[in-house]
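Let me begin by presenting the structure, written as structure tokens, before commenting on it.
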Amino acid sequence: MCNSKITFVAGARPNFMKIAPILRAMRPYSRVVKAEMVHTGQHYSPEMSDVFFEQLEMPAPDVFLGVGSGTHGWQTARLLESFEAHLLGSAQPPVCVVVVGDVNSTLACALAAAKICIPVVHVEAGLRSFDRTMPEELNRIATDAISDLLLVSEPSGKDNLIREGVSPHRMEYSGNVMIDTLVSQLPMATALDTPAMLGVADRAYALVTLHRPSNVDKLDSLLPLVAFLTKVARNVPLVFPVHPRTKLKLEMFGLWDTLRSEDNIKLCDPLGYRENLRMMSSACFVLSDSGGIQEETTFLGIPCLTLRPNTERPSTVVLGTNTVVGNDLGYAQRLIAEICCGTYKAGAAVPGWDGHAAERIANLIINRFVETAQNEFAAAEAAL
Ligand code: UD1
């Protein structure tokens, strides 16, 4: 009999590709546990949210909190308040709440659950950039501190948690669910003609993504990046799907028209999951400040230059095809020359990035929380 429920939380673009494979891996257990999905509404535009539900074949959310955008404090407070109200108003409280990644929804929902003593599972635990100016780093540290089960996606994660004094009983190395989604979507992505539609040829362009506040929010950091992209585009056409935050800032600083007037820079709206995967997999290289793209390019063996001073995913550098270039754009240009003449590093596989992380996660959660809940339920019924 299905007398347990687990609540899965997703709110922003990078959450959807992490939750999708876990929800799928939960299906075989649907007779013993209901998987409830809560979409917080942190991201709400069709191209930041709906397209992921369609392409990743996710069920419509059971609950939509509709929180929307605002300052960090405002957004986190709204998320905390709305998710707590949802949990308290549920006829059947979940046996645990599963949060993924490092966005504001991750921390707020973990905190709401922990405060009312509902166990929290954090998928992608232990990542550390050691840069507390990043909002995501604070979200990671705080979420890990209050979670009951920490599921680690990359080798450095366990070391970081041990250094922070986390007991080994609270953590498991699950591998990387983002790669599960990539593996399952790659055949559909490969069949698309996205490069041609964007006016570039396979292997003859670079893909650009930028959205970190530290890169785009201030003119001092955005202007040199725009100048750099213009310079790179003299030799390699660039495709740049522009995040809403970045578009807003480019327009605000009068840089949108500068980029748009460059023939070799193709600006477009944020791409769907499959279109983005298609563009990554046949790019000559990728320039990005994203976290997930560092992992995806490493899996695909595509060179990635990370336009940030640090990474919370060091395996992508040590084993993979990623290089952290920070704001040393001269270094980035030397690496681009290496990539173009074929001498850039090739990269190797990261343990547990194998397309099966979600199955391991579902198994761990069921064993840890659902069997306990079933036993408690049976004991309570027997006592009646
Ligand atoms: C958030 C995450 C970041 C993640 C990124 C991926 C946090 C702290 N940051 O940053 O870790 O890498 O998402 O996209 O949670 N906006 C829209 N449509 C939307 C969503 C946002 O237009 O669907 C606009 C908002 O009006 C806002 C801006 O984009 O001005 C930023 O959105 P927000 O969720 O605050 O942060 P992101 O920069 O997207």
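Each chain in the structure tokens gets a letter, A, B, ..., in the order shown, and its residues are numbered from 1; ligands are numbered from 1 in order too.
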
#### Entry: ligand 1 neighbours within 8 Å using only C-alpha atoms and all ligand atoms, as a PyMOL selection string
chain A and resi 12-14+41-49+68-72+75+102-106+135-136+139+211-213+243-246+248+290-291

### Task
Give me, please, the distance in Å between atom CA of Glu359 of chain A and atom CA of Met178 of chain A, quoted to one decimal.
12.7 Å

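Take atom CA of Leu307 of chain A and atom CA of Asn264 of chain A: the distance between them is 20.2 Å.
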
### Task
With a distance cut-off of 12 Å and only C-alpha atoms, select the neighbouring residues of His86 of chain A, excluding the residue or stretch itself and same-chain residues fewer than 2 positions from it, and output the selection as a ChimeraX atom specification.
/A:7,9,36-40,62-65,79-84,88-94,109,112-113,116

### Query
Quick one: of A:Leu192, A:Leu107, A:Val325, A:Ile265, who's nearest to Arg140 of chain A, counting only C-alpha atoms?
A:Leu107

### Task
Tell me, as a PyMOL selection string, which residues lie within 9 Å of Ala349 of chain A, counting only C-alpha atoms; anything in the same chain fewer than 6 positions away does not count.
chain A and resi 298-299+301+319-320

Atoms kept (N, CA and C atoms) for selection, written as a compact mmCIF listing (two decimals), in the first residue's frame:
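Here's the written file selection-v8.txt:
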```txt
# COMPACT_ATOMS: atom_id res chain seq x y z
N THR A 298 32.85 18.31 -19.83
CA THR A 298 33.82 17.27 -19.46
C THR A 298 33.31 15.91 -19.92
N PHE A 299 32.03 15.64 -19.70
CA PHE A 299 31.48 14.35 -20.14
C PHE A 299 31.57 14.22 -21.66
N GLY A 301 33.69 15.72 -23.63
CA GLY A 301 35.05 15.86 -24.15
C GLY A 301 35.25 17.13 -24.95
N LEU A 319 40.51 16.09 -14.09
CA LEU A 319 40.30 14.95 -15.00
C LEU A 319 39.75 15.38 -16.36
N GLY A 320 38.95 16.44 -16.35
CA GLY A 320 38.17 16.76 -17.55
C GLY A 320 38.78 17.79 -18.47
```

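Proximity to Ser214 of chain A was assessed for A:Glu251, A:Glu295, A:Asp131, A:Glu154 counting only C-alpha atoms; the smallest distance is recorded for A:Asp131.
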
### segment 280-288 of chain A surroundings by only C-alpha atoms, 8 Å radius, close-in-sequence under 4 positions cut, as a count of residues only
22

#### Entry: Surrounding residues of Pro314 of chain A excluding itself and chain neighbours under 3 positions, 9 Å, only C-alpha atoms, as JSON, numbers by chain
{"A": [129, 154, 155, 156, 310, 311, 317, 318, 319, 320, 322]}

Would you output that residue set with C-alpha atoms, as a CSV table (one decimal), in the first residue's frame?
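Written file, result.csv:
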```csv
chain,number,residue,atom,x,y,z
A,129,SER,CA,34.2,27.0,-4.5
A,154,GLU,CA,32.0,14.6,-7.5
A,155,PRO,CA,35.1,13.3,-5.8
A,156,SER,CA,36.0,16.5,-4.0
A,310,ASN,CA,37.3,29.3,-9.1
A,311,THR,CA,35.3,26.1,-9.6
A,317,VAL,CA,39.8,20.6,-14.3
A,318,VAL,CA,41.9,17.7,-12.9
A,319,LEU,CA,40.3,15.0,-15.0
A,320,GLY,CA,38.2,16.8,-17.5
A,322,ASN,CA,37.8,22.4,-18.2
```

### Task
Apply DSSP to the backbone of this structure and, from segment 125-266 of chain A, keep only the residues in strand (DSSP E); write these as a ChimeraX atom specification.
/A:125,149-152,171-173,206-209,238-241,265-266

Selection from above, N, CA and C atoms, as a compact mmCIF listing (two decimals), in the first residue's frame, can you write it?
```
# COMPACT_ATOMS: atom_id res chain seq x y z
N ALA A 125 25.64 17.38 -2.96
CA ALA A 125 26.18 17.94 -1.72
C ALA A 125 27.71 18.03 -1.80
N LEU A 149 20.79 13.59 4.76
CA LEU A 149 21.52 12.68 3.87
C LEU A 149 22.14 13.52 2.76
N LEU A 150 23.47 13.43 2.66
CA LEU A 150 24.22 14.26 1.71
C LEU A 150 24.71 13.36 0.57
N LEU A 151 24.17 13.59 -0.63
CA LEU A 151 24.51 12.74 -1.77
C LEU A 151 25.50 13.50 -2.66
N VAL A 152 26.69 12.95 -2.73
CA VAL A 152 27.83 13.66 -3.32
C VAL A 152 27.99 13.27 -4.79
N MET A 171 26.70 10.83 4.62
CA MET A 171 27.01 11.06 3.19
C MET A 171 27.18 9.77 2.39
N GLU A 172 26.86 9.87 1.10
CA GLU A 172 27.07 8.76 0.16
C GLU A 172 27.54 9.36 -1.16
N TYR A 173 28.41 8.64 -1.87
CA TYR A 173 28.82 9.09 -3.20
C TYR A 173 27.83 8.51 -4.21
N ALA A 206 32.05 28.62 -31.34
CA ALA A 206 32.14 28.44 -29.88
C ALA A 206 30.81 28.87 -29.26
N LEU A 207 30.44 28.19 -28.19
CA LEU A 207 29.21 28.52 -27.47
C LEU A 207 29.57 29.35 -26.25
N VAL A 208 28.79 30.39 -25.99
CA VAL A 208 29.06 31.29 -24.86
C VAL A 208 27.84 31.32 -23.93
N THR A 209 28.05 31.18 -22.62
CA THR A 209 26.97 31.48 -21.68
C THR A 209 27.55 32.27 -20.51
N LEU A 238 30.72 33.05 -32.71
CA LEU A 238 30.22 32.74 -31.37
C LEU A 238 28.70 32.67 -31.38
N VAL A 239 28.17 31.69 -30.66
CA VAL A 239 26.72 31.62 -30.43
C VAL A 239 26.51 31.90 -28.95
N PHE A 240 25.67 32.87 -28.64
CA PHE A 240 25.53 33.35 -27.26
C PHE A 240 24.04 33.40 -26.87
N PRO A 241 23.53 32.30 -26.28
CA PRO A 241 22.15 32.35 -25.77
C PRO A 241 22.16 33.17 -24.48
N ILE A 265 28.87 37.27 -34.02
CA ILE A 265 28.29 36.90 -32.72
C ILE A 265 26.79 36.75 -32.90
N LYS A 266 26.30 35.52 -32.70
CA LYS A 266 24.86 35.27 -32.86
C LYS A 266 24.23 35.27 -31.47
```

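Each of A:Asp220, A:Cys268, A:Phe52, A:Tyr273 was compared to Phe253 of chain A using only C-alpha atoms, and A:Asp220 turns out to be the nearest.
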